[in-house]
Amino acid sequence: MLSMTYSQTWPNSEEADSDAILVERALENDLAAFEQLVARYQNKITAFAARMLNDRDEAEDVAQEAFIKAYRSLEGFRGASSFSTWLYRIVTNLCIDRARARKRRPQQAYSLDEPYDRDDDKGGRDVPDFSTEPGKEVERDELRHQVRLTVAEMPEKLRQVLVMCDIQGMAYEQIAQVLDCPIGTVKSRLFHARADLARRLKPYMRGVK
């Protein structure tokens, strides 16, 4: 079984309550309040989009588009879910649209060796540091690189739940709300995503101790 470190980035109850207050202020034309929401979620949203789209520049465009859409649609936000859940739903749908549009144009490749979210990323669920020996360091970097490539190649539905749970640190219930599907579906997709990841990485795990 592949061992990974955890990074919890989902907002706690205090942050969720604070979000609600900022949303109320933003609805009263307090632009500074919405700017606080942008500052709170920009890195997380951009990092999520980067993992989903495998394209750093496009992720920044999607994040900006998501916040613009959220601001323009704020009056329609009824608080049935948290602001963060609503925002992730917006960016997820935008990523899906971008991915579908991408199929109609040539794919542009870029290096995934470096994590995108330098300011906010605490390592995600990258493969742990097995050794400080130079040879092991190279093996670890190669494996980390392969993890990112493998996640990027996964089917969209599997990649969504894997990124949300194992990289963004979201709970099953929150993922289900974002994707508008039963928790059982989230668990099933996550099981298959992890199994697929482990299967693809098995050749690279040999010799890593």
# chains A, B, ... in the order shown; residues from 1 in each chain; ligands from 1
>>> residues_around(residues="Asp180 (chain A)", least_positions_apart="4", cutoff="12 Å", atoms="only C-alpha atoms", output="MDAnalysis selection string")
chainID A and resid 81 85:86 88:90 92:93 172:176 184:186
>>> write_last_selection(atoms="C-alpha atoms", output="PDB file, in the first residue's frame")
ATOM      1  CA  SER A  81     -23.978  24.486   1.491  1.00  0.00           C
ATOM      2  CA  THR A  85     -18.343  23.869  -1.209  1.00  0.00           C
ATOM      3  CA  TRP A  86     -20.192  26.158  -3.601  1.00  0.00           C
ATOM      4  CA  TYR A  88     -15.353  24.213  -5.407  1.00  0.00           C
ATOM      5  CA  ARG A  89     -18.445  23.168  -7.346  1.00  0.00           C
ATOM      6  CA  ILE A  90     -17.983  26.171  -9.631  1.00  0.00           C
ATOM      7  CA  THR A  92     -14.934  21.776 -10.751  1.00  0.00           C
ATOM      8  CA  ASN A  93     -17.490  22.488 -13.457  1.00  0.00           C
ATOM      9  CA  TYR A 172     -16.298  12.381   1.945  1.00  0.00           C
ATOM     10  CA  GLU A 173     -19.382  14.447   2.807  1.00  0.00           C
ATOM     11  CA  GLN A 174     -17.840  17.615   1.394  1.00  0.00           C
ATOM     12  CA  ILE A 175     -16.746  15.886  -1.808  1.00  0.00           C
ATOM     13  CA  ALA A 176     -20.237  14.461  -2.233  1.00  0.00           C
ATOM     14  CA  GLY A 184     -21.075   5.786  -1.468  1.00  0.00           C
ATOM     15  CA  THR A 185     -20.173   6.893  -4.985  1.00  0.00           C
ATOM     16  CA  VAL A 186     -17.349   9.049  -3.631  1.00  0.00           C
TER      17      VAL A 186
END
>>> residues_around(residues="Phe191 (chain A)", least_positions_apart="4", cutoff="12 Å", atoms="only C-alpha atoms", output="list in words")
Lys157, Leu158, Arg159, Val161, Leu162, Cys165, Asp166, Gly184, Thr185, Val186, Lys187, Ala195, Asp196, Leu197 and Ala198 of chain A
>>> closest_residue(among="A:Leu37, A:Met52, A:Ala80, A:Met170", to="Asp97 (chain A)", atoms="only C-alpha atoms")
A:Met52
>>> closest_residue(among="A:Glu60, A:Asp30, A:Glu24, A:Glu35", to="Gly79 (chain A)", atoms="only C-alpha atoms")
A:Glu24
>>> atom_distance(atom1="CA of Ala66 (chain A)", atom2="CA of Val91 (chain A)")
5.5 Å
>>> closest_residue(among="A:Arg104, A:Gln168, A:Leu149, A:Gln160", to="Tyr41 (chain A)", atoms="only C-alpha atoms")
A:Gln168
>>> atom_distance(atom1="CA of Gln64 (chain A)", atom2="CA of Leu27 (chain A)")
19.3 Å
>>> closest_residue(among="A:Arg189, A:Lys69, A:Arg194, A:Lys202", to="Glu156 (chain A)", atoms="only C-alpha atoms")
A:Arg189
>>> residues_around(residues="Phe67 (chain A)", least_positions_apart="5", cutoff="9 Å", atoms="only C-alpha atoms", output="JSON, numbers by chain")
{"A": [38, 42, 62, 72, 87, 90, 91]}
>>> write_last_selection(atoms="N, CA and C atoms", output="PDB file, in the first residue's frame")
ATOM      1  N   VAL A  38     -11.500  35.833  -1.672  1.00  0.00           N
ATOM      2  CA  VAL A  38     -10.554  35.501  -2.743  1.00  0.00           C
ATOM      3  C   VAL A  38      -9.191  35.176  -2.153  1.00  0.00           C
ATOM      4  N   GLN A  42      -7.830  31.526  -2.955  1.00  0.00           N
ATOM      5  CA  GLN A  42      -7.184  31.600  -4.262  1.00  0.00           C
ATOM      6  C   GLN A  42      -6.126  30.513  -4.458  1.00  0.00           C
ATOM      7  N   VAL A  62      -8.661  29.562 -14.843  1.00  0.00           N
ATOM      8  CA  VAL A  62      -9.875  28.957 -14.304  1.00  0.00           C
ATOM      9  C   VAL A  62     -10.193  29.521 -12.927  1.00  0.00           C
ATOM     10  N   ARG A  72     -20.438  37.282  -9.450  1.00  0.00           N
ATOM     11  CA  ARG A  72     -21.625  37.663 -10.217  1.00  0.00           C
ATOM     12  C   ARG A  72     -22.851  36.847  -9.824  1.00  0.00           C
ATOM     13  N   LEU A  87     -18.022  27.167  -4.027  1.00  0.00           N
ATOM     14  CA  LEU A  87     -16.919  27.636  -4.859  1.00  0.00           C
ATOM     15  C   LEU A  87     -16.218  26.470  -5.551  1.00  0.00           C
ATOM     16  N   ILE A  90     -18.164  25.299  -8.467  1.00  0.00           N
ATOM     17  CA  ILE A  90     -17.983  26.171  -9.631  1.00  0.00           C
ATOM     18  C   ILE A  90     -16.682  25.833 -10.354  1.00  0.00           C
ATOM     19  N   VAL A  91     -15.591  25.749  -9.613  1.00  0.00           N
ATOM     20  CA  VAL A  91     -14.300  25.500 -10.261  1.00  0.00           C
ATOM     21  C   VAL A  91     -14.238  24.089 -10.842  1.00  0.00           C
TER      22      VAL A  91
END
